[in-house]
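For reference, my_file-v2.txt is printed below; it contains compact mmCIF, C-alpha atoms (C1' of nucleotides).
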# COMPACT_ATOMS: atom_id res chain seq x y z
CA MET U 455 2.81 31.83 8.84
CA ASN U 456 1.60 30.75 12.26
CA LYS U 457 1.29 27.21 13.49
CA GLU U 458 -2.39 26.83 12.79
CA GLU U 459 -1.83 27.65 9.14
CA GLN U 460 1.19 25.39 9.07
CA VAL U 461 -0.92 22.53 10.36
CA ILE U 462 -3.66 23.15 7.81
CA MET U 463 -1.31 23.64 4.88
CA GLY U 464 0.96 20.78 5.87
CA PHE U 465 -2.13 18.71 6.29
CA ARG U 466 -3.29 19.49 2.77
CA ASP U 467 0.06 18.95 1.13
CA LEU U 468 0.67 15.73 2.99
CA PHE U 469 -2.74 14.44 2.04
CA ASN U 470 -2.36 15.33 -1.63
CA LYS U 471 1.00 13.64 -1.68
CA MET U 472 -0.29 10.49 -0.05
CA VAL U 473 -3.34 10.24 -2.29
CA TRP U 474 -1.22 10.74 -5.39
CA LEU U 475 1.37 8.17 -4.40
CA ASN U 476 -1.11 5.54 -3.26
CA LYS U 477 -3.17 6.09 -6.39
CA PHE U 478 -0.03 5.50 -8.43
CA LYS U 479 0.72 2.25 -6.60
CA MET U 480 -2.91 1.20 -6.77
CA GLU U 481 -3.15 1.67 -10.51
CA ASP U 482 0.07 -0.26 -10.91
CA ARG U 483 -1.29 -3.24 -9.00
CA LEU U 484 -4.97 -3.10 -9.93
CA LYS U 485 -4.43 -2.04 -13.49
CA ASP U 486 -7.97 -2.20 -14.83
CA TYR U 487 -9.76 -0.86 -11.77
CA LYS U 488 -10.43 2.78 -11.03
CA PRO U 489 -9.65 4.14 -7.55
CA SER U 490 -13.24 5.15 -6.96
CA GLU U 491 -14.42 1.69 -7.94
CA VAL U 492 -11.98 0.03 -5.57
CA HIS U 493 -12.99 2.50 -2.89
CA CYS U 494 -16.63 1.46 -3.30
CA ILE U 495 -15.71 -2.20 -3.22
CA GLU U 496 -13.84 -1.58 0.02
CA TYR U 497 -16.83 0.13 1.60
CA ILE U 498 -19.32 -2.47 0.43
CA GLY U 499 -17.03 -5.19 1.72
CA ARG U 500 -16.96 -3.61 5.17
CA ASN U 501 -20.55 -2.50 5.57
CA VAL U 502 -23.58 -4.72 5.26
CA ASP U 503 -26.58 -3.30 3.43
CA SER U 504 -24.61 -0.56 1.69
CA ASN U 505 -26.67 1.51 -0.70
CA VAL U 506 -26.17 4.49 -2.99
CA THR U 507 -27.12 7.03 -0.35
CA LYS U 508 -24.80 5.68 2.35
CA LEU U 509 -21.89 5.48 -0.05
CA ALA U 510 -22.49 9.02 -1.24
CA GLU U 511 -22.63 10.42 2.28
CA SER U 512 -19.53 8.57 3.35
CA PHE U 513 -17.47 9.71 0.35
CA TYR U 514 -18.86 13.23 0.20
CA MET U 515 -19.97 12.58 -3.34
CA THR U 516 -23.36 12.90 -5.03
CA ARG U 517 -25.76 9.99 -5.33
CA SER U 518 -25.50 10.57 -9.04
CA ALA U 519 -21.82 9.70 -9.10
CA ILE U 520 -22.23 6.65 -6.88
CA SER U 521 -25.14 5.42 -8.95
CA LYS U 522 -22.93 5.39 -12.02
CA ILE U 523 -20.01 3.69 -10.29
CA THR U 524 -22.14 0.94 -8.79
CA LYS U 525 -23.83 0.40 -12.12
CA LYS U 526 -20.43 -0.25 -13.67
CA LEU U 527 -19.39 -2.50 -10.81
CA ILE U 528 -22.51 -4.59 -11.34
CA GLU U 529 -21.86 -4.81 -15.08
CA LYS U 530 -18.31 -5.93 -14.36
CA GLY U 531 -19.57 -8.49 -11.90
CA PHE U 532 -17.81 -7.22 -8.76
CA ILE U 533 -20.94 -6.42 -6.79
CA GLU U 534 -24.58 -7.46 -6.91
CA SER U 535 -27.69 -5.70 -5.76
CA TYR U 536 -30.47 -7.05 -3.60
CA GLN U 537 -33.61 -5.76 -1.98
CA LYS U 538 -35.58 -6.55 1.14
CA SER U 539 -39.05 -7.98 1.00
CA ASP U 540 -40.59 -5.11 2.93
CA ASN U 541 -38.97 -2.29 0.92
CA LYS U 542 -39.23 -1.89 -2.82
CA LYS U 543 -37.33 1.40 -2.94
CA GLU U 544 -33.95 0.88 -1.34
CA ILE U 545 -31.36 -1.13 -3.23
CA TYR U 546 -28.48 -2.68 -1.34
CA PHE U 547 -25.13 -3.99 -2.52
CA ARG U 548 -22.87 -6.88 -1.59
CA LEU U 549 -19.63 -8.19 -3.04
CA THR U 550 -19.60 -11.09 -5.47
CA PRO U 551 -16.83 -13.70 -5.12
CA GLN U 552 -15.02 -11.82 -7.88
CA GLY U 553 -15.41 -8.59 -5.94
CA LYS U 554 -14.01 -10.23 -2.85
CA VAL U 555 -10.86 -11.06 -4.77
CA ILE U 556 -10.38 -7.41 -5.65
CA ASN U 557 -11.05 -6.47 -2.07
CA LYS U 558 -8.38 -8.92 -0.97
CA VAL U 559 -5.80 -7.41 -3.32
CA HIS U 560 -6.79 -3.99 -2.08
CA GLU U 561 -6.27 -5.04 1.52
CA GLU U 562 -2.87 -6.43 0.63
CA LEU U 563 -1.95 -3.08 -0.82
CA HIS U 564 -3.00 -1.28 2.32
CA LYS U 565 -0.88 -3.66 4.30
CA GLU U 566 2.03 -2.71 2.07
CA PHE U 567 1.35 0.98 2.61
CA ARG U 568 1.37 0.42 6.36
CA GLU U 569 4.60 -1.50 6.08
CA ARG U 570 6.07 1.25 3.95
CA ASP U 571 5.15 3.92 6.52
CA LYS U 572 5.98 1.82 9.56
CA ALA U 573 9.21 3.67 10.23
CA VAL U 574 7.37 6.97 10.49
CA PHE U 575 4.77 5.68 12.89
CA GLU U 576 7.23 3.86 15.07
CA GLN U 577 8.64 7.18 16.17
CA VAL U 578 5.25 8.30 17.43
CA THR U 579 4.65 7.83 21.13
CA GLU U 580 1.38 6.67 22.63
CA GLU U 581 0.70 10.13 23.97
CA GLN U 582 1.28 11.69 20.58
CA PHE U 583 -1.13 9.23 19.00
CA ASP U 584 -3.80 10.02 21.52
CA SER U 585 -3.16 13.72 21.18
CA MET U 586 -3.51 13.61 17.40
CA LEU U 587 -6.55 11.40 17.50
CA SER U 588 -8.34 13.59 20.00
CA PHE U 589 -7.49 16.65 17.94
CA MET U 590 -8.83 15.08 14.79
CA GLU U 591 -11.96 13.93 16.53
CA ARG U 592 -12.61 17.34 18.01
CA TYR U 593 -11.97 19.02 14.69
CA SER U 594 -14.22 16.54 12.94
CA ARG U 595 -17.07 17.13 15.37
CA HIS U 596 -16.58 20.86 15.00
CA LEU U 597 -16.92 20.61 11.21
CA ASP U 598 -19.93 18.33 11.56
CA ALA U 599 -21.59 21.06 13.59
CA GLU U 600 -20.74 23.61 10.90
CA ILE U 601 -22.11 21.37 8.19
CA LYS U 602 -25.26 20.89 10.19
CA LYS U 603 -25.69 24.66 10.40
CA LEU U 604 -25.48 24.84 6.62
CA GLY U 605 -28.16 22.21 6.22
CA VAL U 606 -30.57 24.11 8.43
CA ASP U 607 -29.78 27.43 6.78
CA SER U 608 -30.07 26.15 3.26
CA LYS U 609 -33.50 24.71 3.96
CA SER U 610 -34.77 27.75 5.78
CA GLU U 611 -34.03 30.05 2.84
CA MET X 352 -8.45 -1.05 14.06
CA ASN X 353 -5.13 0.07 15.49
CA LYS X 354 -4.05 3.64 16.05
CA GLU X 355 -2.06 3.99 12.86
CA GLU X 356 -5.11 3.11 10.82
CA GLN X 357 -7.24 5.37 12.95
CA VAL X 358 -4.89 8.24 12.23
CA ILE X 359 -4.88 7.57 8.49
CA MET X 360 -8.62 7.04 8.23
CA GLY X 361 -9.45 9.94 10.51
CA PHE X 362 -7.07 12.01 8.49
CA ARG X 363 -8.86 11.14 5.26
CA ASP X 364 -12.34 11.68 6.62
CA LEU X 365 -11.42 14.94 8.26
CA PHE X 366 -9.79 16.18 5.09
CA ASN X 367 -12.74 15.24 2.89
CA LYS X 368 -15.06 16.97 5.29
CA MET X 369 -13.00 20.13 5.40
CA VAL X 370 -12.57 20.33 1.64
CA TRP X 371 -16.25 19.80 1.08
CA LEU X 372 -17.31 22.44 3.60
CA ASN X 373 -14.79 25.06 2.52
CA LYS X 374 -15.66 24.45 -1.11
CA PHE X 375 -19.28 25.06 -0.22
CA LYS X 376 -18.46 28.33 1.51
CA MET X 377 -16.10 29.34 -1.26
CA GLU X 378 -18.67 28.85 -3.97
CA ASP X 379 -21.13 30.84 -1.93
CA ARG X 380 -18.78 33.82 -1.67
CA LEU X 381 -16.94 33.61 -4.98
CA LYS X 382 -19.91 32.58 -7.03
CA ASP X 383 -18.47 32.76 -10.51
CA TYR X 384 -15.03 31.39 -9.75
CA LYS X 385 -14.08 27.73 -9.67
CA PRO X 386 -12.09 26.37 -6.73
CA SER X 387 -9.21 25.29 -8.95
CA GLU X 388 -9.04 28.73 -10.51
CA VAL X 389 -8.98 30.42 -7.12
CA HIS X 390 -6.36 27.93 -5.99
CA CYS X 391 -4.16 28.89 -8.94
CA ILE X 392 -4.65 32.58 -8.26
CA GLU X 393 -3.60 31.98 -4.67
CA TYR X 394 -0.42 30.20 -5.73
CA ILE X 395 0.49 32.75 -8.38
CA GLY X 396 -0.10 35.51 -5.85
CA ARG X 397 2.32 33.92 -3.42
CA ASN X 398 5.06 32.71 -5.73
CA VAL X 399 6.97 34.89 -8.18
CA ASP X 400 7.68 33.41 -11.59
CA SER X 401 5.00 30.73 -11.32
CA ASN X 402 4.65 28.63 -14.43
CA VAL X 403 2.59 25.68 -15.63
CA THR X 404 5.11 23.10 -14.47
CA LYS X 405 5.51 24.48 -10.95
CA LEU X 406 1.77 24.76 -10.48
CA ALA X 407 1.26 21.21 -11.69
CA GLU X 408 3.90 19.79 -9.36
CA SER X 409 2.59 21.71 -6.40
CA PHE X 410 -1.02 20.64 -6.95
CA TYR X 411 -0.20 17.09 -8.00
CA MET X 412 -2.04 17.69 -11.25
CA THR X 413 -1.00 17.33 -14.87
CA ARG X 414 0.51 20.18 -16.86
CA SER X 415 -2.36 19.67 -19.23
CA ALA X 416 -4.93 20.61 -16.62
CA ILE X 417 -2.98 23.64 -15.42
CA SER X 418 -2.46 24.81 -18.96
CA LYS X 419 -6.20 24.92 -19.50
CA ILE X 420 -6.93 26.61 -16.19
CA THR X 421 -4.34 29.34 -16.73
CA LYS X 422 -5.59 29.87 -20.26
CA LYS X 423 -9.02 30.58 -18.85
CA LEU X 424 -7.63 32.83 -16.15
CA ILE X 425 -5.84 34.87 -18.81
CA GLU X 426 -8.99 35.12 -20.91
CA LYS X 427 -10.88 36.30 -17.85
CA GLY X 428 -8.17 38.81 -17.10
CA PHE X 429 -7.13 37.57 -13.64
CA ILE X 430 -3.56 36.70 -14.56
CA GLU X 431 -1.14 37.65 -17.30
CA SER X 432 1.83 35.82 -18.76
CA TYR X 433 5.33 37.10 -19.32
CA GLN X 434 8.66 35.72 -20.45
CA LYS X 435 12.28 36.45 -19.74
CA SER X 436 14.61 37.78 -22.38
CA ASP X 437 17.00 34.85 -22.12
CA ASN X 438 14.39 32.10 -22.30
CA LYS X 439 11.84 31.73 -25.05
CA LYS X 440 10.39 28.48 -23.71
CA GLU X 441 9.22 29.07 -20.17
CA ILE X 442 6.10 31.14 -19.62
CA TYR X 443 5.51 32.77 -16.25
CA PHE X 444 2.38 34.17 -14.65
CA ARG X 445 1.55 37.09 -12.40
CA LEU X 446 -1.71 38.47 -11.05
CA THR X 447 -3.44 41.40 -12.72
CA PRO X 448 -5.06 44.04 -10.51
CA GLN X 449 -8.34 42.23 -11.08
CA GLY X 450 -6.71 38.96 -9.98
CA LYS X 451 -5.42 40.62 -6.84
CA VAL X 452 -8.96 41.51 -5.90
CA ILE X 453 -10.00 37.88 -6.11
CA ASN X 454 -6.95 36.92 -4.11
CA LYS X 455 -7.96 39.40 -1.46
CA VAL X 456 -11.45 37.95 -1.17
CA HIS X 457 -9.93 34.53 -0.98
CA GLU X 458 -7.66 35.57 1.85
CA GLU X 459 -10.62 37.01 3.68
CA LEU X 460 -12.35 33.69 3.40
CA HIS X 461 -9.38 31.88 4.83
CA LYS X 462 -9.38 34.30 7.71
CA GLU X 463 -13.01 33.40 8.31
CA PHE X 464 -12.18 29.72 8.25
CA ARG X 465 -9.47 30.29 10.83
CA GLU X 466 -11.88 32.24 12.93
CA ARG X 467 -14.45 29.50 12.60
CA ASP X 468 -11.96 26.85 13.74
CA LYS X 469 -10.32 29.00 16.39
CA ALA X 470 -12.03 27.19 19.23
CA VAL X 471 -10.56 23.88 18.14
CA PHE X 472 -7.04 25.17 17.83
CA GLU X 473 -7.14 27.05 21.11
CA GLN X 474 -7.28 23.76 22.94
CA VAL X 475 -4.04 22.63 21.33
CA THR X 476 -0.91 23.15 23.41
CA GLU X 477 2.39 24.31 22.02
CA GLU X 478 3.88 20.86 22.48
CA GLN X 479 1.00 19.27 20.64
CA PHE X 480 1.47 21.67 17.74
CA ASP X 481 5.15 20.91 17.52
CA SER X 482 4.48 17.22 17.83
CA MET X 483 1.96 17.26 15.00
CA LEU X 484 4.09 19.45 12.79
CA SER X 485 7.15 17.30 13.24
CA PHE X 486 5.09 14.21 12.50
CA MET X 487 3.68 15.72 9.33
CA GLU X 488 7.10 16.88 8.22
CA ARG X 489 8.65 13.47 8.81
CA TYR X 490 5.80 11.76 7.01
CA SER X 491 6.03 14.20 4.15
CA ARG X 492 9.76 13.64 3.73
CA HIS X 493 9.19 9.91 3.89
CA LEU X 494 6.65 10.09 1.07
CA ASP X 495 8.95 12.35 -0.94
CA ALA X 496 11.58 9.66 -0.74
CA GLU X 497 9.07 7.06 -1.90
CA ILE X 498 7.99 9.25 -4.79
CA LYS X 499 11.61 9.76 -5.73
CA LYS X 500 12.08 5.99 -5.83
CA LEU X 501 9.18 5.74 -8.26
CA GLY X 502 10.72 8.30 -10.56
CA VAL X 503 14.00 6.41 -10.70
CA ASP X 504 12.31 3.06 -11.17
CA SER X 505 9.96 4.26 -13.88
CA LYS X 506 12.85 5.68 -15.86
CA SER X 507 15.06 2.64 -15.43
CA GLU X 508 12.44 0.29 -16.86
C1' DA V 1104 28.93 21.98 -34.35
C1' DT V 1105 25.63 18.50 -34.90
C1' DT V 1106 22.60 15.32 -33.12
C1' DA V 1107 19.97 13.27 -29.38
C1' DT V 1108 17.48 13.85 -25.24
C1' DT V 1109 14.90 16.40 -22.00
C1' DT V 1110 11.95 20.02 -20.64
C1' DT V 1111 7.99 22.94 -21.26
C1' DG V 1112 3.60 23.96 -22.78
C1' DT V 1113 -0.61 22.98 -25.77
C1' DT V 1114 -4.38 20.39 -27.95
C1' DG V 1115 -8.13 16.77 -28.76
C1' DA V 1116 -10.42 12.65 -27.24
C1' DC V 1117 -12.20 10.58 -23.45
C1' DA V 1118 -13.74 9.44 -18.59
C1' DC V 1119 -15.40 11.04 -14.24
C1' DG V 1120 -18.19 13.70 -11.13
C1' DG V 1121 -21.75 17.41 -10.20
C1' DA V 1122 -26.31 19.79 -11.05
C1' DA V 1123 -30.78 19.44 -12.36
C1' DA V 1124 -34.80 17.12 -13.73
C1' DC V 1125 -37.10 13.15 -13.18
C1' DA V 1126 -39.82 8.67 -11.58
C1' DA V 1127 -41.10 5.60 -8.01
C1' DA V 1128 -41.64 4.29 -3.46
C1' DA V 1129 -42.01 5.43 1.44
C1' DT V 1130 -43.43 8.41 4.98
C1' DA V 1131 -45.95 12.33 6.99
C1' DA V 1132 -49.99 15.22 7.33
C1' DC V 1133 -54.59 15.89 7.29
C1' DG O 67 -57.86 6.82 3.35
C1' DT O 68 -56.22 10.42 0.55
C1' DT O 69 -52.97 13.88 -0.44
C1' DA O 70 -48.50 16.12 0.27
C1' DT O 71 -43.77 15.71 1.29
C1' DT O 72 -39.52 13.31 1.63
C1' DT O 73 -36.38 9.79 0.40
C1' DT O 74 -34.00 6.98 -2.95
C1' DG O 75 -32.07 6.10 -7.19
C1' DT O 76 -31.37 7.09 -12.30
C1' DT O 77 -30.47 9.74 -16.51
C1' DT O 78 -28.91 13.73 -19.39
C1' DC O 79 -26.05 17.57 -20.02
C1' DC O 80 -21.94 19.89 -19.04
C1' DG O 81 -17.38 21.29 -16.92
C1' DT O 82 -12.97 19.62 -15.40
C1' DG O 83 -8.89 16.64 -15.35
C1' DT O 84 -6.11 12.87 -17.48
C1' DC O 85 -3.80 10.69 -21.19
C1' DA O 86 -1.51 10.63 -25.45
C1' DA O 87 0.43 12.91 -29.15
C1' DC O 88 2.55 16.82 -30.48
C1' DA O 89 5.67 21.19 -31.40
C1' DA O 90 9.21 24.18 -29.89
C1' DA O 91 12.92 25.45 -27.13
C1' DA O 92 16.72 24.22 -24.05
C1' DT O 93 20.19 21.13 -22.61
C1' DA O 94 23.26 17.06 -22.98
C1' DA O 95 26.07 13.99 -25.60
C1' DT O 96 29.28 13.03 -29.09
Now, as a test, write the supplied structure out as structure tokens.
Amino acid sequence: MNKEEQVIMGFRDLFNKMVWLNKFKMEDRLKDYKPSEVHCIEYIGRNVDSNVTKLAESFYMTRSAISKITKKLIEKGFIESYQKSDNKKEIYFRLTPQGKVINKVHEELHKEFRERDKAVFEQVTEEQFDSMLSFMERYSRHLDAEIKKLGVDSKSE
Amino acid sequence: MNKEEQVIMGFRDLFNKMVWLNKFKMEDRLKDYKPSEVHCIEYIGRNVDSNVTKLAESFYMTRSAISKITKKLIEKGFIESYQKSDNKKEIYFRLTPQGKVINKVHEELHKEFRERDKAVFEQVTEEQFDSMLSFMERYSRHLDAEIKKLGVDSKSE
DNA sequence: ATTATTTTGTTGACACGGAAACAAAATAAC
DNA sequence: GTTATTTTGTTTCCGTGTCAACAAAATAAT
């Protein structure tokens, strides 16, 4: 197995591991809240005028799925929807005070994760950081271009 | 946002993007086969004496899920189960000729993905590769240790 | 040897996410 | 200004994965 494959495979395994572990911790701390719900709360907390479409694109999920999650979050009172006077189609979301509490707990958890992984990151030099970041950015742009190709192709069929 | 967060977030976004795109391509080529099924076929093709438990641990999924997937794969004739004379409990899997065909197609696809991403990897120096790999390995071991802690704690409760 | 515990795999109920079909509003085309 | 197309969001149906409960075999404890 060459190094490219090692990077990809290691990448995948590491990611699965991290998601699994953090999900475990998350469910322990935020017992009644689903990961996807918390994830949405996080996004809505960070981005003003979030809507179903933006959330879906950001999470690589369907609008259908997001629509259901946000519906639940509204029922539970963590987010509320609002519209703008000049647009009767788009529906935006913002956190309620209750939602902000959840967001706070979520941020605390992330802080704990960072603390937990501090030792690993401390061994990384500035150059290594920059090298990894530039690699990821290049790779990401590359995939964006590939995805764009798909979009064009799928519509031209 | 500091560099650690950038790495983690970039990591997550990049991974989501890659999974989404490759899933798209995969479903285009292997129309009737589900990603999880193909994933299992890949693992069983690589590892002798695969069983439900090993697959579940490797994929960070429940035995329940794997049990259902493998059941389907047997019904479809892609894998077959066998046991050893000295153990009437454990059930192992191996690919059938038909399963090997799927595995072949799957490998072809991976080759295409590598080809597609070649340009990105060509810009990576040997030192950068080693640096990334050692980082991932360290991080992975670190998370393993954390997961191990969980196991001990959850049993000592 | 007998009993208790752990490991391994399966099943049924349920929740989550995707695909498709849909309605309503906004935008583009003419 | 009217019609066609696109965008945005929702709902229904269905497949997949998790959880909990379970049975059977293997292993540990005594």
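Using all atoms listed in the file, the chain X residues found within 12 Å of chain V amount to Asn402, Val403, Thr404, Lys405, Ala407, Thr413, Arg414, Ser415, Ala416, Ile417, Ser418, Lys419, Thr421, Lys422, Asn438, Lys439, Lys440, Glu441, Ile442 and Tyr443 of chain X.
Reported to one decimal place, the separation of atom CA of U:Arg592 from atom CA of X:Asp481 is 18.1 Å.
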Pick out the residues sitting within 9 Å of X:Gly361, and hand them over as an mmCIF file with C-alpha atoms, in the frame of the given file; count only C-alpha atoms (C1' of nucleotides), and ignore anything fewer than 3 positions along from it in its own chain.
data_model
loop_
_atom_site.group_PDB
_atom_site.id
_atom_site.type_symbol
_atom_site.label_atom_id
_atom_site.label_comp_id
_atom_site.auth_asym_id
_atom_site.auth_seq_id
_atom_site.Cartn_x
_atom_site.Cartn_y
_atom_site.Cartn_z
ATOM 1 C CA LEU U 587 -6.550 11.400 17.500
ATOM 2 C CA MET U 590 -8.830 15.080 14.790
ATOM 3 C CA GLU U 591 -11.960 13.930 16.530
ATOM 4 C CA SER U 594 -14.220 16.540 12.940
ATOM 5 C CA GLU X 356 -5.110 3.110 10.820
ATOM 6 C CA GLN X 357 -7.240 5.370 12.950
ATOM 7 C CA VAL X 358 -4.890 8.240 12.230
ATOM 8 C CA ASP X 364 -12.340 11.680 6.620
ATOM 9 C CA LEU X 365 -11.420 14.940 8.260
ATOM 10 C CA PHE X 366 -9.790 16.180 5.090
#
Got a sec to align chain U on chain X by every in-order Cα pair and hand back the fitted coordinates as a compact mmCIF listing (two decimals) with C-alpha atoms, keeping the file's coordinate frame?
# COMPACT_ATOMS: atom_id res chain seq x y z
CA MET U 455 -8.64 -1.03 14.08
CA ASN U 456 -5.32 0.06 15.53
CA LYS U 457 -4.20 3.61 16.08
CA GLU U 458 -2.19 3.93 12.91
CA GLU U 459 -5.23 3.08 10.84
CA GLN U 460 -7.35 5.39 12.95
CA VAL U 461 -4.96 8.23 12.24
CA ILE U 462 -4.94 7.54 8.51
CA MET U 463 -8.68 7.06 8.23
CA GLY U 464 -9.51 9.96 10.51
CA PHE U 465 -7.08 11.99 8.51
CA ARG U 466 -8.85 11.16 5.27
CA ASP U 467 -12.34 11.73 6.57
CA LEU U 468 -11.40 14.97 8.23
CA PHE U 469 -9.75 16.21 5.08
CA ASN U 470 -12.69 15.28 2.86
CA LYS U 471 -15.02 17.02 5.24
CA MET U 472 -12.94 20.17 5.36
CA VAL U 473 -12.48 20.35 1.60
CA TRP U 474 -16.19 19.85 1.03
CA LEU U 475 -17.24 22.47 3.55
CA ASN U 476 -14.70 25.07 2.48
CA LYS U 477 -15.57 24.46 -1.16
CA PHE U 478 -19.21 25.08 -0.28
CA LYS U 479 -18.38 28.35 1.46
CA MET U 480 -16.02 29.35 -1.31
CA GLU U 481 -18.58 28.84 -4.04
CA ASP U 482 -21.07 30.81 -2.01
CA ARG U 483 -18.74 33.79 -1.74
CA LEU U 484 -16.90 33.59 -5.05
CA LYS U 485 -19.86 32.50 -7.08
CA ASP U 486 -18.41 32.59 -10.58
CA TYR U 487 -14.96 31.26 -9.76
CA LYS U 488 -13.97 27.62 -9.68
CA PRO U 489 -11.98 26.31 -6.71
CA SER U 490 -9.09 25.25 -8.90
CA GLU U 491 -8.99 28.68 -10.49
CA VAL U 492 -8.93 30.40 -7.12
CA HIS U 493 -6.29 27.94 -5.97
CA CYS U 494 -4.09 28.93 -8.92
CA ILE U 495 -4.65 32.60 -8.26
CA GLU U 496 -3.58 32.04 -4.67
CA TYR U 497 -0.38 30.31 -5.74
CA ILE U 498 0.48 32.86 -8.40
CA GLY U 499 -0.14 35.62 -5.89
CA ARG U 500 2.32 34.08 -3.45
CA ASN U 501 5.07 32.92 -5.77
CA VAL U 502 6.92 35.09 -8.23
CA ASP U 503 7.64 33.61 -11.64
CA SER U 504 5.02 30.88 -11.35
CA ASN U 505 4.68 28.76 -14.45
CA VAL U 506 2.66 25.76 -15.61
CA THR U 507 5.23 23.24 -14.44
CA LYS U 508 5.61 24.65 -10.93
CA LEU U 509 1.87 24.87 -10.46
CA ALA U 510 1.41 21.31 -11.65
CA GLU U 511 4.06 19.94 -9.31
CA SER U 512 2.72 21.85 -6.36
CA PHE U 513 -0.88 20.70 -6.89
CA TYR U 514 -0.04 17.16 -7.94
CA MET U 515 -1.86 17.76 -11.19
CA THR U 516 -0.77 17.37 -14.81
CA ARG U 517 0.67 20.25 -16.81
CA SER U 518 -2.22 19.63 -19.16
CA ALA U 519 -4.78 20.56 -16.53
CA ILE U 520 -2.87 23.62 -15.36
CA SER U 521 -2.39 24.79 -18.92
CA LYS U 522 -6.14 24.82 -19.42
CA ILE U 523 -6.87 26.58 -16.13
CA THR U 524 -4.31 29.31 -16.71
CA LYS U 525 -5.58 29.79 -20.23
CA LYS U 526 -9.04 30.48 -18.83
CA LEU U 527 -7.66 32.77 -16.15
CA ILE U 528 -5.90 34.81 -18.82
CA GLU U 529 -9.07 35.00 -20.91
CA LYS U 530 -10.98 36.18 -17.85
CA GLY U 531 -8.32 38.75 -17.13
CA PHE U 532 -7.24 37.53 -13.68
CA ILE U 533 -3.66 36.71 -14.59
CA GLU U 534 -1.25 37.69 -17.34
CA SER U 535 1.71 35.90 -18.79
CA TYR U 536 5.19 37.23 -19.36
CA GLN U 537 8.52 35.92 -20.51
CA LYS U 538 12.15 36.71 -19.82
CA SER U 539 14.43 38.09 -22.47
CA ASP U 540 16.88 35.21 -22.22
CA ASN U 541 14.30 32.40 -22.37
CA LYS U 542 11.75 31.96 -25.11
CA LYS U 543 10.35 28.69 -23.75
CA GLU U 544 9.21 29.28 -20.20
CA ILE U 545 6.06 31.31 -19.65
CA TYR U 546 5.47 32.92 -16.28
CA PHE U 547 2.31 34.26 -14.68
CA ARG U 548 1.45 37.19 -12.44
CA LEU U 549 -1.82 38.54 -11.10
CA THR U 550 -3.61 41.41 -12.79
CA PRO U 551 -5.24 44.06 -10.58
CA GLN U 552 -8.50 42.18 -11.12
CA GLY U 553 -6.82 38.97 -10.02
CA LYS U 554 -5.53 40.66 -6.91
CA VAL U 555 -9.08 41.51 -5.95
CA ILE U 556 -10.06 37.86 -6.14
CA ASN U 557 -7.00 36.95 -4.16
CA LYS U 558 -8.02 39.45 -1.50
CA VAL U 559 -11.50 37.95 -1.21
CA HIS U 560 -9.93 34.53 -1.02
CA GLU U 561 -7.66 35.63 1.81
CA GLU U 562 -10.64 37.06 3.65
CA LEU U 563 -12.33 33.70 3.39
CA HIS U 564 -9.33 31.92 4.80
CA LYS U 565 -9.33 34.35 7.66
CA GLU U 566 -12.95 33.42 8.27
CA PHE U 567 -12.10 29.73 8.21
CA ARG U 568 -9.38 30.33 10.78
CA GLU U 569 -11.80 32.29 12.91
CA ARG U 570 -14.36 29.54 12.57
CA ASP U 571 -11.87 26.88 13.71
CA LYS U 572 -10.22 29.03 16.36
CA ALA U 573 -11.94 27.23 19.20
CA VAL U 574 -10.50 23.91 18.10
CA PHE U 575 -6.97 25.18 17.83
CA GLU U 576 -7.06 27.06 21.08
CA GLN U 577 -7.24 23.77 22.92
CA VAL U 578 -4.00 22.62 21.33
CA THR U 579 -0.89 23.12 23.42
CA GLU U 580 2.44 24.24 22.05
CA GLU U 581 3.88 20.79 22.53
CA GLN U 582 1.01 19.20 20.66
CA PHE U 583 1.51 21.61 17.78
CA ASP U 584 5.18 20.81 17.57
CA SER U 585 4.48 17.11 17.87
CA MET U 586 1.97 17.18 15.02
CA LEU U 587 4.13 19.35 12.84
CA SER U 588 7.17 17.16 13.29
CA PHE U 589 5.08 14.09 12.55
CA MET U 590 3.71 15.61 9.39
CA GLU U 591 7.12 16.73 8.28
CA ARG U 592 8.64 13.33 8.88
CA TYR U 593 5.78 11.62 7.10
CA SER U 594 6.05 14.05 4.22
CA ARG U 595 9.77 13.45 3.82
CA HIS U 596 9.16 9.72 3.99
CA LEU U 597 6.63 9.93 1.14
CA ASP U 598 8.95 12.16 -0.85
CA ALA U 599 11.56 9.43 -0.62
CA GLU U 600 9.01 6.87 -1.80
CA ILE U 601 7.98 9.06 -4.69
CA LYS U 602 11.60 9.51 -5.63
CA LYS U 603 12.04 5.74 -5.73
CA LEU U 604 9.14 5.53 -8.16
CA GLY U 605 10.69 8.11 -10.44
CA VAL U 606 13.95 6.20 -10.64
CA ASP U 607 12.20 2.88 -11.14
CA SER U 608 9.84 4.11 -13.79
CA LYS U 609 12.70 5.51 -15.83
CA SER U 610 14.89 2.47 -15.45
CA GLU U 611 12.23 0.15 -16.89
Padding of 3 Å on every side, edges along x, y and z, all listed atoms of stretch 1120-1129 of chain V included: what centre and edge lengths in Å, to one decimal, does that box have, as lines of an AutoDock Vina configuration file?
center_x = -30.1
center_y = 12.0
center_z = -6.1
size_x = 29.8
size_y = 21.5
size_z = 21.2
- Item | chain X contacts on chain U, only C-alpha atoms, 10 Å, as a PyMOL selection string | chain U and resi 457-462+464-476+478-479+512-515+564+568+570-587+589-598+600-601+604
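Counting only C-alpha atoms (C1' of nucleotides), U:Glu481 has the following residues at most 12 Å away, ignoring those fewer than 6 positions along the same chain: U:Val473, U:Trp474, U:Leu475, U:Tyr487, U:Lys488, U:Pro489, U:Ser490, U:Glu491, U:Val492, U:Val559, U:His560, U:Leu563.
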